[in-house]
file work.cif (mmCIF, C-alpha atoms and all ligand atoms)
data_data
loop_
_atom_site.group_PDB
_atom_site.id
_atom_site.type_symbol
_atom_site.label_atom_id
_atom_site.label_comp_id
_atom_site.auth_asym_id
_atom_site.auth_seq_id
_atom_site.Cartn_x
_atom_site.Cartn_y
_atom_site.Cartn_z
ATOM 1 C CA MET A 1091 11.919 10.831 -11.469
ATOM 2 C CA PHE A 1092 8.417 12.178 -11.497
ATOM 3 C CA GLU A 1093 8.299 15.533 -13.234
ATOM 4 C CA GLY A 1094 7.225 18.497 -11.140
ATOM 5 C CA SER A 1095 7.532 16.725 -7.786
ATOM 6 C CA LYS A 1096 9.079 18.616 -4.907
ATOM 7 C CA PHE A 1097 10.613 15.301 -3.818
ATOM 8 C CA THR A 1098 13.466 13.448 -5.492
ATOM 9 C CA LEU A 1099 13.483 9.723 -4.800
ATOM 10 C CA VAL A 1100 17.167 8.769 -4.790
ATOM 11 C CA LYS A 1101 17.033 5.038 -4.043
ATOM 12 C CA SER A 1102 15.278 2.366 -1.993
ATOM 13 C CA ARG A 1103 16.969 -0.605 -0.409
ATOM 14 C CA ASN A 1104 15.672 -3.570 1.542
ATOM 15 C CA ASN A 1105 18.050 -3.836 4.495
ATOM 16 C CA ASN A 1106 18.760 -7.537 3.880
ATOM 17 C CA ASN A 1107 15.710 -8.789 5.676
ATOM 18 C CA ASP A 1108 13.481 -11.132 3.687
ATOM 19 C CA ARG A 1109 11.019 -12.062 6.437
ATOM 20 C CA ILE A 1110 10.192 -8.527 7.482
ATOM 21 C CA PRO A 1111 11.635 -6.215 4.834
ATOM 22 C CA VAL A 1112 12.623 -2.673 5.752
ATOM 23 C CA LEU A 1113 12.642 -0.547 2.605
ATOM 24 C CA THR A 1114 14.705 2.544 3.249
ATOM 25 C CA TRP A 1115 13.989 5.378 0.826
ATOM 26 C CA GLU A 1116 16.439 8.263 0.503
ATOM 27 C CA ILE A 1117 14.412 11.344 -0.461
ATOM 28 C CA GLU A 1118 15.676 14.853 -1.137
ATOM 29 C CA HIS A 1119 13.636 18.048 -1.068
ATOM 30 C CA ASP A 1120 14.226 21.809 -0.842
ATOM 31 C CA SER A 1121 11.681 23.545 1.336
ATOM 32 C CA ARG A 1122 10.398 23.039 4.880
ATOM 33 C CA ASP A 1123 6.881 23.648 3.477
ATOM 34 C CA ASP A 1124 6.981 20.651 1.109
ATOM 35 C CA VAL A 1125 4.053 18.269 1.517
ATOM 36 C CA MET A 1126 4.054 14.641 0.358
ATOM 37 C CA GLU A 1127 0.908 12.565 -0.017
ATOM 38 C CA ILE A 1128 0.915 8.794 0.222
ATOM 39 C CA VAL A 1129 -2.134 6.839 -0.920
ATOM 40 C CA PRO A 1130 -2.383 3.200 0.217
ATOM 41 C CA LEU A 1131 -3.920 1.241 -2.682
ATOM 42 C CA GLY A 1132 -5.058 -2.202 -1.686
ATOM 43 C CA ASP A 1133 -7.590 -5.001 -1.885
ATOM 44 C CA LEU A 1134 -8.256 -4.198 -5.519
ATOM 45 C CA HIS A 1135 -9.498 -7.733 -6.360
ATOM 46 C CA VAL A 1136 -9.253 -7.116 -10.100
ATOM 47 C CA GLY A 1137 -11.037 -9.918 -11.946
ATOM 48 C CA ASN A 1138 -13.937 -10.160 -9.489
ATOM 49 C CA ALA A 1139 -17.338 -9.127 -10.864
ATOM 50 C CA ALA A 1140 -17.748 -6.738 -7.896
ATOM 51 C CA CYS A 1141 -14.379 -4.983 -8.376
ATOM 52 C CA ASP A 1142 -14.827 -1.220 -8.676
ATOM 53 C CA GLU A 1143 -12.367 -0.725 -11.531
ATOM 54 C CA ASP A 1144 -13.604 2.818 -12.177
ATOM 55 C CA GLY A 1145 -12.751 3.632 -8.576
ATOM 56 C CA ILE A 1146 -9.227 2.209 -8.961
ATOM 57 C CA ARG A 1147 -8.706 4.169 -12.187
ATOM 58 C CA SER A 1148 -9.809 7.421 -10.559
ATOM 59 C CA ALA A 1149 -7.407 6.822 -7.610
ATOM 60 C CA VAL A 1150 -4.633 6.188 -10.169
ATOM 61 C CA GLU A 1151 -5.585 9.395 -11.968
ATOM 62 C CA TYR A 1152 -5.442 11.335 -8.680
ATOM 63 C CA ILE A 1153 -1.928 10.048 -7.921
ATOM 64 C CA TYR A 1154 -0.793 10.598 -11.539
ATOM 65 C CA ASN A 1155 -2.037 14.198 -11.604
ATOM 66 C CA ASN A 1156 -0.531 15.189 -8.243
ATOM 67 C CA PRO A 1157 3.253 15.567 -8.554
ATOM 68 C CA ASN A 1158 3.740 15.098 -4.781
ATOM 69 C CA ALA A 1159 1.478 12.045 -4.457
ATOM 70 C CA TYR A 1160 2.956 8.543 -4.082
ATOM 71 C CA TRP A 1161 1.441 5.164 -3.172
ATOM 72 C CA ILE A 1162 1.945 1.894 -1.338
ATOM 73 C CA GLY A 1163 0.316 -1.341 -2.593
ATOM 74 C CA MET A 1164 -1.508 -3.117 0.248
ATOM 75 C CA GLY A 1165 -2.070 -6.579 -1.348
ATOM 76 C CA ASP A 1166 -4.865 -8.597 -3.007
ATOM 77 C CA TYR A 1167 -4.200 -6.928 -6.361
ATOM 78 C CA GLY A 1168 -6.229 -9.534 -8.249
ATOM 79 C CA ASP A 1169 -8.672 -12.205 -7.090
ATOM 80 C CA PHE A 1170 -6.250 -14.891 -8.368
ATOM 81 C CA ILE A 1171 -8.694 -17.804 -8.003
ATOM 82 C CA ASN A 1172 -7.911 -20.293 -10.760
ATOM 83 C CA MET A 1173 -10.415 -22.659 -12.335
ATOM 84 C CA ARG A 1174 -9.400 -25.714 -10.287
ATOM 85 C CA ASP A 1175 -9.340 -23.783 -7.011
ATOM 86 C CA HIS A 1176 -12.190 -24.883 -4.717
ATOM 87 C CA ARG A 1177 -13.157 -21.171 -4.350
ATOM 88 C CA PHE A 1178 -13.671 -20.773 -8.122
ATOM 89 C CA ASP A 1179 -17.145 -19.618 -9.128
ATOM 90 C CA PRO A 1180 -17.883 -18.408 -12.691
ATOM 91 C CA ILE A 1181 -20.538 -16.029 -11.372
ATOM 92 C CA ALA A 1182 -17.820 -14.099 -9.493
ATOM 93 C CA LEU A 1183 -15.818 -13.374 -12.682
ATOM 94 C CA ALA A 1184 -15.654 -9.862 -14.112
ATOM 95 C CA ASP A 1185 -17.327 -9.491 -17.498
ATOM 96 C CA TRP A 1186 -14.014 -8.637 -19.226
ATOM 97 C CA VAL A 1187 -12.735 -12.209 -18.609
ATOM 98 C CA THR A 1188 -12.856 -14.261 -21.832
ATOM 99 C CA THR A 1189 -13.039 -18.031 -22.214
ATOM 100 C CA ARG A 1190 -9.459 -17.954 -23.488
ATOM 101 C CA ASP A 1191 -8.386 -16.153 -20.277
ATOM 102 C CA LEU A 1192 -9.450 -19.228 -18.276
ATOM 103 C CA VAL A 1193 -6.319 -21.012 -19.527
ATOM 104 C CA ASP A 1194 -4.317 -18.630 -17.319
ATOM 105 C CA LEU A 1195 -6.806 -16.620 -15.314
ATOM 106 C CA ALA A 1196 -4.224 -15.362 -12.801
ATOM 107 C CA GLY A 1197 -1.975 -14.230 -15.671
ATOM 108 C CA ALA A 1198 -4.844 -12.303 -17.294
ATOM 109 C CA GLN A 1199 -5.710 -10.619 -13.979
ATOM 110 C CA LYS A 1200 -2.055 -9.765 -13.304
ATOM 111 C CA ARG A 1201 -1.687 -8.129 -16.738
ATOM 112 C CA ARG A 1202 -4.826 -6.072 -16.137
ATOM 113 C CA VAL A 1203 -3.590 -4.988 -12.674
ATOM 114 C CA LEU A 1204 -0.240 -3.890 -14.126
ATOM 115 C CA ASN A 1205 -1.954 -2.061 -17.011
ATOM 116 C CA ILE A 1206 -4.184 -0.128 -14.600
ATOM 117 C CA LEU A 1207 -1.293 0.789 -12.277
ATOM 118 C CA GLU A 1208 1.278 1.409 -15.040
ATOM 119 C CA PRO A 1209 0.918 5.241 -15.167
ATOM 120 C CA ILE A 1210 1.972 5.499 -11.494
ATOM 121 C CA ALA A 1211 4.574 2.711 -11.386
ATOM 122 C CA ASN A 1212 7.409 5.184 -10.718
ATOM 123 C CA LYS A 1213 5.539 6.617 -7.723
ATOM 124 C CA CYS A 1214 5.297 3.295 -5.877
ATOM 125 C CA LEU A 1215 7.064 3.215 -2.474
ATOM 126 C CA GLY A 1216 6.453 -0.472 -1.752
ATOM 127 C CA LEU A 1217 4.193 -3.455 -2.395
ATOM 128 C CA VAL A 1218 2.634 -5.650 0.306
ATOM 129 C CA LYS A 1219 1.590 -9.236 -0.453
ATOM 130 C CA GLY A 1220 -2.084 -10.094 0.234
ATOM 131 C CA ASN A 1221 -3.692 -13.386 1.230
ATOM 132 C CA HIS A 1222 -5.037 -13.894 -2.310
ATOM 133 C CA ASP A 1223 -1.552 -13.258 -3.737
ATOM 134 C CA LYS A 1224 -0.110 -15.722 -1.191
ATOM 135 C CA LYS A 1225 -2.733 -18.474 -1.509
ATOM 136 C CA ILE A 1226 -2.136 -19.019 -5.230
ATOM 137 C CA HIS A 1227 1.604 -19.338 -4.526
ATOM 138 C CA ARG A 1228 1.122 -21.839 -1.713
ATOM 139 C CA ALA A 1229 -1.577 -23.931 -3.402
ATOM 140 C CA TRP A 1230 -0.621 -23.643 -7.090
ATOM 141 C CA GLU A 1231 3.084 -22.704 -7.031
ATOM 142 C CA ARG A 1232 2.402 -19.509 -8.960
ATOM 143 C CA ALA A 1233 4.499 -16.681 -7.481
ATOM 144 C CA ILE A 1234 2.080 -14.025 -8.725
ATOM 145 C CA PHE A 1235 3.198 -11.421 -6.165
ATOM 146 C CA ASP A 1236 6.824 -11.682 -7.354
ATOM 147 C CA GLU A 1237 5.573 -11.244 -10.946
ATOM 148 C CA ILE A 1238 3.743 -8.066 -9.904
ATOM 149 C CA VAL A 1239 6.830 -6.687 -8.118
ATOM 150 C CA VAL A 1240 9.044 -7.340 -11.149
ATOM 151 C CA GLY A 1241 6.379 -5.941 -13.514
ATOM 152 C CA MET A 1242 6.074 -2.766 -11.423
ATOM 153 C CA LYS A 1243 9.854 -2.291 -11.275
ATOM 154 C CA GLU A 1244 10.111 -2.687 -15.065
ATOM 155 C CA ARG A 1245 7.348 -0.143 -15.627
ATOM 156 C CA ALA A 1246 8.897 2.274 -13.111
ATOM 157 C CA TRP A 1247 12.151 2.014 -15.018
ATOM 158 C CA TYR A 1248 10.468 2.688 -18.386
ATOM 159 C CA LEU A 1249 8.908 5.815 -16.866
ATOM 160 C CA GLY A 1250 12.319 7.090 -15.803
ATOM 161 C CA GLY A 1251 12.091 5.924 -12.204
ATOM 162 C CA VAL A 1252 14.835 5.320 -9.686
ATOM 163 C CA ALA A 1253 17.615 2.997 -10.885
ATOM 164 C CA GLU A 1254 18.268 1.397 -7.478
ATOM 165 C CA ILE A 1255 14.885 0.236 -6.312
ATOM 166 C CA ASP A 1256 13.459 -2.473 -4.054
ATOM 167 C CA LEU A 1257 9.686 -2.673 -3.765
ATOM 168 C CA SER A 1258 8.736 -5.941 -2.047
ATOM 169 C CA LEU A 1259 7.389 -5.585 1.504
ATOM 170 C CA ASN A 1260 6.310 -9.231 1.678
ATOM 171 C CA TYR A 1261 3.200 -9.806 3.856
ATOM 172 C CA TRP A 1262 4.415 -7.216 6.321
ATOM 173 C CA GLY A 1263 7.260 -4.731 6.118
ATOM 174 C CA PHE A 1264 8.389 -1.216 6.901
ATOM 175 C CA VAL A 1265 8.756 1.767 4.605
ATOM 176 C CA HIS A 1266 11.458 3.879 6.201
ATOM 177 C CA LEU A 1267 11.465 7.343 4.640
ATOM 178 C CA LYS A 1268 14.585 9.477 5.150
ATOM 179 C CA PHE A 1269 13.974 13.062 4.099
ATOM 180 C CA ARG A 1270 17.074 15.179 3.445
ATOM 181 C CA ARG A 1271 16.993 18.946 3.118
ATOM 182 C CA ALA A 1272 20.004 21.274 2.939
ATOM 183 C CA GLY A 1273 20.743 22.848 6.328
ATOM 184 C CA ALA A 1274 18.320 20.583 8.229
ATOM 185 C CA ALA A 1275 18.666 17.347 10.180
ATOM 186 C CA VAL A 1276 17.458 14.206 8.407
ATOM 187 C CA ARG A 1277 13.754 13.674 9.189
ATOM 188 C CA THR A 1278 12.508 10.104 9.233
ATOM 189 C CA VAL A 1279 8.983 8.766 8.935
ATOM 190 C CA VAL A 1280 8.423 5.052 9.583
ATOM 191 C CA ILE A 1281 5.399 3.390 7.992
ATOM 192 C CA SER A 1282 4.489 -0.172 8.907
ATOM 193 C CA ALA A 1283 2.563 -1.786 6.039
ATOM 194 C CA HIS A 1284 0.819 -5.087 6.889
ATOM 195 C CA HIS A 1285 -1.748 -6.800 4.678
ATOM 196 C CA GLY A 1286 -3.869 -7.029 7.821
ATOM 197 C CA PHE A 1287 -5.670 -9.502 10.063
ATOM 198 C CA GLY A 1288 -9.147 -9.701 11.594
ATOM 199 C CA SER A 1289 -8.529 -7.676 14.753
ATOM 200 C CA SER A 1290 -6.540 -4.962 12.955
ATOM 201 C CA LYS A 1291 -9.825 -3.288 12.035
ATOM 202 C CA ASN A 1292 -10.710 -2.778 15.724
ATOM 203 C CA ILE A 1293 -9.272 -0.025 17.887
ATOM 204 C CA THR A 1294 -8.035 -2.570 20.465
ATOM 205 C CA GLY A 1295 -6.147 -4.638 17.886
ATOM 206 C CA MET A 1296 -4.750 -1.541 16.250
ATOM 207 C CA GLU A 1297 -3.652 -0.008 19.570
ATOM 208 C CA LYS A 1298 -1.921 -3.226 20.600
ATOM 209 C CA PHE A 1299 0.039 -3.098 17.374
ATOM 210 C CA LEU A 1300 0.945 0.581 17.863
ATOM 211 C CA TRP A 1301 2.067 -0.065 21.467
ATOM 212 C CA SER A 1302 4.371 -2.868 20.379
ATOM 213 C CA HIS A 1303 5.795 -1.507 17.121
ATOM 214 C CA GLU A 1304 7.864 1.596 16.666
ATOM 215 C CA CYS A 1305 6.312 3.444 13.760
ATOM 216 C CA ASP A 1306 4.600 6.728 12.911
ATOM 217 C CA VAL A 1307 1.878 5.072 10.838
ATOM 218 C CA ALA A 1308 0.633 1.468 10.823
ATOM 219 C CA LEU A 1309 -1.305 0.547 7.672
ATOM 220 C CA PHE A 1310 -3.567 -2.503 7.471
ATOM 221 C CA GLY A 1311 -5.508 -3.924 4.535
ATOM 222 C CA HIS A 1312 -7.381 -7.244 4.305
ATOM 223 C CA THR A 1313 -10.606 -6.520 6.223
ATOM 224 C CA HIS A 1314 -11.835 -4.120 3.494
ATOM 225 C CA HIS A 1315 -12.840 -1.664 6.209
ATOM 226 C CA MET A 1316 -11.728 1.963 6.197
ATOM 227 C CA THR A 1317 -10.900 3.707 9.447
ATOM 228 C CA SER A 1318 -8.134 5.614 11.233
ATOM 229 C CA HIS A 1319 -7.053 5.958 14.829
ATOM 230 C CA ARG A 1320 -4.711 8.434 16.458
ATOM 231 C CA SER A 1321 -2.630 7.754 19.544
ATOM 232 C CA ALA A 1322 0.771 8.741 21.008
ATOM 233 C CA ARG A 1323 3.782 7.207 22.787
ATOM 234 C CA THR A 1324 5.737 8.845 25.577
ATOM 235 C CA GLU A 1325 9.449 8.783 24.776
ATOM 236 C CA ILE A 1326 12.568 10.136 26.457
ATOM 237 C CA THR A 1327 15.198 11.817 24.275
ATOM 238 C CA LYS A 1328 18.973 11.321 24.611
ATOM 239 C CA THR A 1329 19.104 14.573 26.570
ATOM 240 C CA GLY A 1330 16.472 13.405 29.055
ATOM 241 C CA LYS A 1331 13.538 15.334 27.694
ATOM 242 C CA VAL A 1332 10.065 13.776 27.730
ATOM 243 C CA VAL A 1333 8.411 13.950 24.302
ATOM 244 C CA TYR A 1334 5.238 12.566 22.769
ATOM 245 C CA ARG A 1335 5.400 10.747 19.481
ATOM 246 C CA PRO A 1336 2.050 10.745 17.663
ATOM 247 C CA GLN A 1337 1.080 7.502 15.957
ATOM 248 C CA TRP A 1338 -1.619 6.678 13.453
ATOM 249 C CA GLY A 1339 -3.325 3.390 12.731
ATOM 250 C CA VAL A 1340 -5.072 3.187 9.356
ATOM 251 C CA VAL A 1341 -7.298 0.498 7.833
ATOM 252 C CA THR A 1342 -6.840 1.317 4.198
ATOM 253 C CA GLY A 1343 -10.097 0.355 2.438
ATOM 254 C CA SER A 1344 -10.845 -1.746 -0.630
ATOM 255 C CA PHE A 1345 -12.194 -1.672 -4.172
ATOM 256 C CA LEU A 1346 -14.318 -4.807 -3.829
ATOM 257 C CA GLN A 1347 -17.929 -3.716 -3.575
ATOM 258 C CA SER A 1348 -20.151 -5.138 -0.868
ATOM 259 C CA ASP A 1349 -22.294 -7.119 -3.330
ATOM 260 C CA ALA A 1350 -19.391 -9.498 -4.091
ATOM 261 C CA ASP A 1351 -20.892 -12.993 -4.226
ATOM 262 C CA TYR A 1352 -18.878 -14.429 -1.320
ATOM 263 C CA ALA A 1353 -19.549 -11.357 0.860
ATOM 264 C CA VAL A 1354 -23.293 -11.701 0.272
ATOM 265 C CA GLN A 1355 -23.181 -15.397 1.219
ATOM 266 C CA ALA A 1356 -21.141 -14.704 4.348
ATOM 267 C CA GLY A 1357 -23.374 -11.781 5.333
ATOM 268 C CA TYR A 1358 -20.436 -9.378 5.615
ATOM 269 C CA MET A 1359 -21.124 -5.820 6.704
ATOM 270 C CA PRO A 1360 -21.287 -3.411 3.751
ATOM 271 C CA VAL A 1361 -18.179 -1.236 3.480
ATOM 272 C CA PRO A 1362 -17.402 1.810 1.305
ATOM 273 C CA THR A 1363 -14.841 1.458 -1.489
ATOM 274 C CA GLY A 1364 -11.936 3.861 -2.006
ATOM 275 C CA THR A 1365 -8.715 4.924 -0.361
ATOM 276 C CA THR A 1366 -7.313 6.811 2.580
ATOM 277 C CA LYS A 1367 -4.606 9.473 2.292
ATOM 278 C CA ILE A 1368 -1.469 10.043 4.398
ATOM 279 C CA THR A 1369 -0.082 13.595 4.349
ATOM 280 C CA LEU A 1370 3.569 14.077 5.383
ATOM 281 C CA ARG A 1371 5.246 17.385 6.193
ATOM 282 C CA PRO A 1372 8.923 16.464 6.660
ATOM 283 C CA GLY A 1373 9.768 20.085 7.540
ATOM 284 C CA ALA A 1374 7.080 20.364 10.242
ATOM 285 C CA VAL A 1375 8.137 22.255 13.378
ATOM 286 C CA ASN A 1376 5.340 20.749 15.478
ATOM 287 C CA VAL A 1377 5.596 16.945 15.537
ATOM 288 C CA ASN A 1378 1.781 16.759 15.413
ATOM 289 C CA ASP A 1379 1.966 18.169 11.877
ATOM 290 C CA LEU A 1380 4.454 15.572 10.591
ATOM 291 C CA VAL A 1381 1.762 13.037 9.698
ATOM 292 C CA ARG A 1382 -1.942 13.516 9.053
ATOM 293 C CA VAL A 1383 -4.435 10.955 7.817
ATOM 294 C CA SER A 1384 -7.682 11.609 5.995
ATOM 295 C CA LEU A 1385 -10.342 9.154 4.890
HETATM 296 FE FE FE A 1401 -8.894 -8.509 0.160
#
call {"tool": "encode", "arguments": {"input": "work.cif", "output": "structure tokens", "more": "lines below"}}
Ligand SMILES: [Fe+2]
result
Amino acid sequence: MFEGSKFTLVKSRNNNNDRIPVLTWEIEHDSRDDVMEIVPLGDLHVGNAACDEDGIRSAVEYIYNNPNAYWIGMGDYGDFINMRDHRFDPIALADWVTTRDLVDLAGAQKRRVLNILEPIANKCLGLVKGNHDKKIHRAWERAIFDEIVVGMKERAWYLGGVAEIDLSLNYWGFVHLKFRRAGAAVRTVVISAHHGFGSSKNITGMEKFLWSHECDVALFGHTHHMTSHRSARTEITKTGKVVYRPQWGVVTGSFLQSDADYAVQAGYMPVPTGTTKITLRPGAVNVNDLVRVSL
């Protein structure tokens, strides 16, 4: 358990669904004023020459130093482009990569990712698989994402994390947070975490997703953009009351700077690096205060 946090993570369980995992977290807390922060950390691309490692380390430091801050991994943790991959280009390698690392480039990048994220391993609420993590598995039979999940669980355990823990969200999954407080009804927050797809960065694509998926927040990585969108669904309660459920769509940003070699060649739009932040108030009286997003 993370010292000083107002929230006690009891356990997380994937509800027996490998294709679209639903990680249910049981969380206990004491006060209706408690505030949890969740930082989506994705598209790190560690190993690429244009990776903003300082930026990743300062996001890690922020989460480490804030007892009520947690995080969700959004995929593309490393570049994971091996030497025989047709996308390999020595000019795109970070300057920390040694000749010896080329024997197992993905392994070297994975170790560096885990080292950077190690201090906050026990504050991880789930890990999404990115297209770079998936491509190396499909093309080279290296299950790098599974190695990262196991590595994170081991490190969480060393740090005194939760004993019963599932972290894999596959390419897309749900983080189902169940907040328990003495004398209050259980409050749930549902976060959809998808590595992302082209249209998820546009309002239309994001709204389509929010209309068709029951969730409070839909997170998307992949496009390296950073944006948020707020909408609401009309729902009818069991007692026949009409209520509005606010929903947020969030494109979670990246740590690959815009001068990455492939981005320059493709003429991609420049994008800022960094993270977004989700603020949860499980004791909120007004449903509009339950979730807030800041960029
Ligand atoms: Fe990416």
call {"tool": "resolve_selection", "arguments": {"input": "work.cif", "expression": "the PyMOL selection byres (((not hetatm)) within 10 of (chain A and resi 1401))", "output": "list in words"}}
result
Gly1132, Asp1133, Leu1134, His1135, Met1164, Gly1165, Asp1166, Tyr1167, Gly1168, Asp1169, Gly1220, Asn1221, His1222, Asp1223, His1285, Gly1286, Gly1311, His1312, Thr1313, His1314, His1315, Gly1343, Ser1344, Phe1345 and Leu1346 of chain A
call {"tool": "resolve_selection", "arguments": {"input": "work.cif", "expression": "the PyMOL selection byres (((chain A and resi 1360) around 10) and not hetatm)", "output": "PyMOL selection string"}}
result
chain A and resi 1314-1315+1347-1349+1353-1354+1357-1359+1361-1363
call {"tool": "residues_around", "arguments": {"input": "work.cif", "residues": "A:Lys1200", "least_positions_apart": "2", "cutoff": "8 Å", "atoms": "all atoms listed in the file", "output": "list in words"}}
result
Tyr1167, Gly1168, Ala1196, Gly1197, Ala1198, Arg1202, Val1203, Leu1204, Ile1234 and Ile1238 of chain A
call {"tool": "write_last_selection", "arguments": {"input": "work.cif", "atoms": "C-alpha atoms", "output": "PDB file, in the frame of the given file"}}
result
ATOM      1  CA  TYR A1167      -4.200  -6.928  -6.361  1.00  0.00           C
ATOM      2  CA  GLY A1168      -6.229  -9.534  -8.249  1.00  0.00           C
ATOM      3  CA  ALA A1196      -4.224 -15.362 -12.801  1.00  0.00           C
ATOM      4  CA  GLY A1197      -1.975 -14.230 -15.671  1.00  0.00           C
ATOM      5  CA  ALA A1198      -4.844 -12.303 -17.294  1.00  0.00           C
ATOM      6  CA  ARG A1202      -4.826  -6.072 -16.137  1.00  0.00           C
ATOM      7  CA  VAL A1203      -3.590  -4.988 -12.674  1.00  0.00           C
ATOM      8  CA  LEU A1204      -0.240  -3.890 -14.126  1.00  0.00           C
ATOM      9  CA  ILE A1234       2.080 -14.025  -8.725  1.00  0.00           C
ATOM     10  CA  ILE A1238       3.743  -8.066  -9.904  1.00  0.00           C
TER      11      ILE A1238
END
call {"tool": "atom_distance", "arguments": {"input": "work.cif", "atom1": "atom CA of A:Val1383", "atom2": "atom CA of A:Ile1281"}}
result
12.4 Å
call {"tool": "closest_residue", "arguments": {"input": "work.cif", "among": "A:Val1100, A:Ala1246, A:Ala1322, A:Cys1214", "to": "A:Gly1163", "atoms": "only C-alpha atoms"}}
result
A:Cys1214
call {"tool": "residues_near_point", "arguments": {"input": "work.cif", "point": "(5.1, 0.4, -3.7)", "cutoff": "7 Å", "atoms": "only C-alpha atoms", "output": "number ranges by chain"}}
result
A: 1161-1163, 1214-1217, 1257
call {"tool": "atom_distance", "arguments": {"input": "work.cif", "atom1": "atom CA of A:Arg1122", "atom2": "atom CA of A:Arg1335"}}
result
19.7 Å
call {"tool": "resolve_selection", "arguments": {"input": "work.cif", "expression": "the PyMOL selection byres (((chain A and resi 1265) around 10) and not hetatm)", "output": "list in words"}}
result
Ser1102, Arg1103, Asn1104, Pro1111, Val1112, Leu1113, Thr1114, Trp1115, Ile1162, Leu1215, Gly1216, Leu1217, Leu1257, Leu1259, Gly1263, Phe1264, His1266, Leu1267, Lys1268, Val1279, Val1280, Ile1281, Ser1282, Ala1283, Cys1305 and Val1307 of chain A
call {"tool": "closest_residue", "arguments": {"input": "work.cif", "among": "A:Lys1328, A:Lys1224, A:Lys1101, A:Arg1232", "to": "A:Tyr1261", "atoms": "only C-alpha atoms"}}
result
A:Lys1224
call {"tool": "atom_distance", "arguments": {"input": "work.cif", "atom1": "atom CA of A:Asp1256", "atom2": "atom CA of A:Asn1378"}}
result
29.8 Å
call {"tool": "closest_residue", "arguments": {"input": "work.cif", "among": "A:Val1375, A:Leu1195, A:Val1332, A:Leu1309", "to": "A:Ile1171", "atoms": "all atoms listed in the file"}}
result
A:Leu1195
call {"tool": "residues_near_point", "arguments": {"input": "work.cif", "point": "(3.6, 5.1, 19.7)", "cutoff": "10 Å", "atoms": "all atoms listed in the file", "output": "ChimeraX atom specification"}}
result
/A:1297,1299-1307,1320-1325,1334-1339
call {"tool": "write_last_selection", "arguments": {"input": "work.cif", "atoms": "C-alpha atoms", "output": "mmCIF file, keeping the file's coordinate frame"}}
result
data_model
loop_
_atom_site.group_PDB
_atom_site.id
_atom_site.type_symbol
_atom_site.label_atom_id
_atom_site.label_comp_id
_atom_site.auth_asym_id
_atom_site.auth_seq_id
_atom_site.Cartn_x
_atom_site.Cartn_y
_atom_site.Cartn_z
ATOM 1 C CA GLU A 1297 -3.652 -0.008 19.570
ATOM 2 C CA PHE A 1299 0.039 -3.098 17.374
ATOM 3 C CA LEU A 1300 0.945 0.581 17.863
ATOM 4 C CA TRP A 1301 2.067 -0.065 21.467
ATOM 5 C CA SER A 1302 4.371 -2.868 20.379
ATOM 6 C CA HIS A 1303 5.795 -1.507 17.121
ATOM 7 C CA GLU A 1304 7.864 1.596 16.666
ATOM 8 C CA CYS A 1305 6.312 3.444 13.760
ATOM 9 C CA ASP A 1306 4.600 6.728 12.911
ATOM 10 C CA VAL A 1307 1.878 5.072 10.838
ATOM 11 C CA ARG A 1320 -4.711 8.434 16.458
ATOM 12 C CA SER A 1321 -2.630 7.754 19.544
ATOM 13 C CA ALA A 1322 0.771 8.741 21.008
ATOM 14 C CA ARG A 1323 3.782 7.207 22.787
ATOM 15 C CA THR A 1324 5.737 8.845 25.577
ATOM 16 C CA GLU A 1325 9.449 8.783 24.776
ATOM 17 C CA TYR A 1334 5.238 12.566 22.769
ATOM 18 C CA ARG A 1335 5.400 10.747 19.481
ATOM 19 C CA PRO A 1336 2.050 10.745 17.663
ATOM 20 C CA GLN A 1337 1.080 7.502 15.957
ATOM 21 C CA TRP A 1338 -1.619 6.678 13.453
ATOM 22 C CA GLY A 1339 -3.325 3.390 12.731
#
call {"tool": "residues_around", "arguments": {"input": "work.cif", "residues": "A:Val1150", "least_positions_apart": "2", "cutoff": "8 Å", "atoms": "only C-alpha atoms", "output": "VMD selection string"}}
result
chain A and resid 1146 to 1148 1152 to 1154 1206 to 1207 1209 to 1210
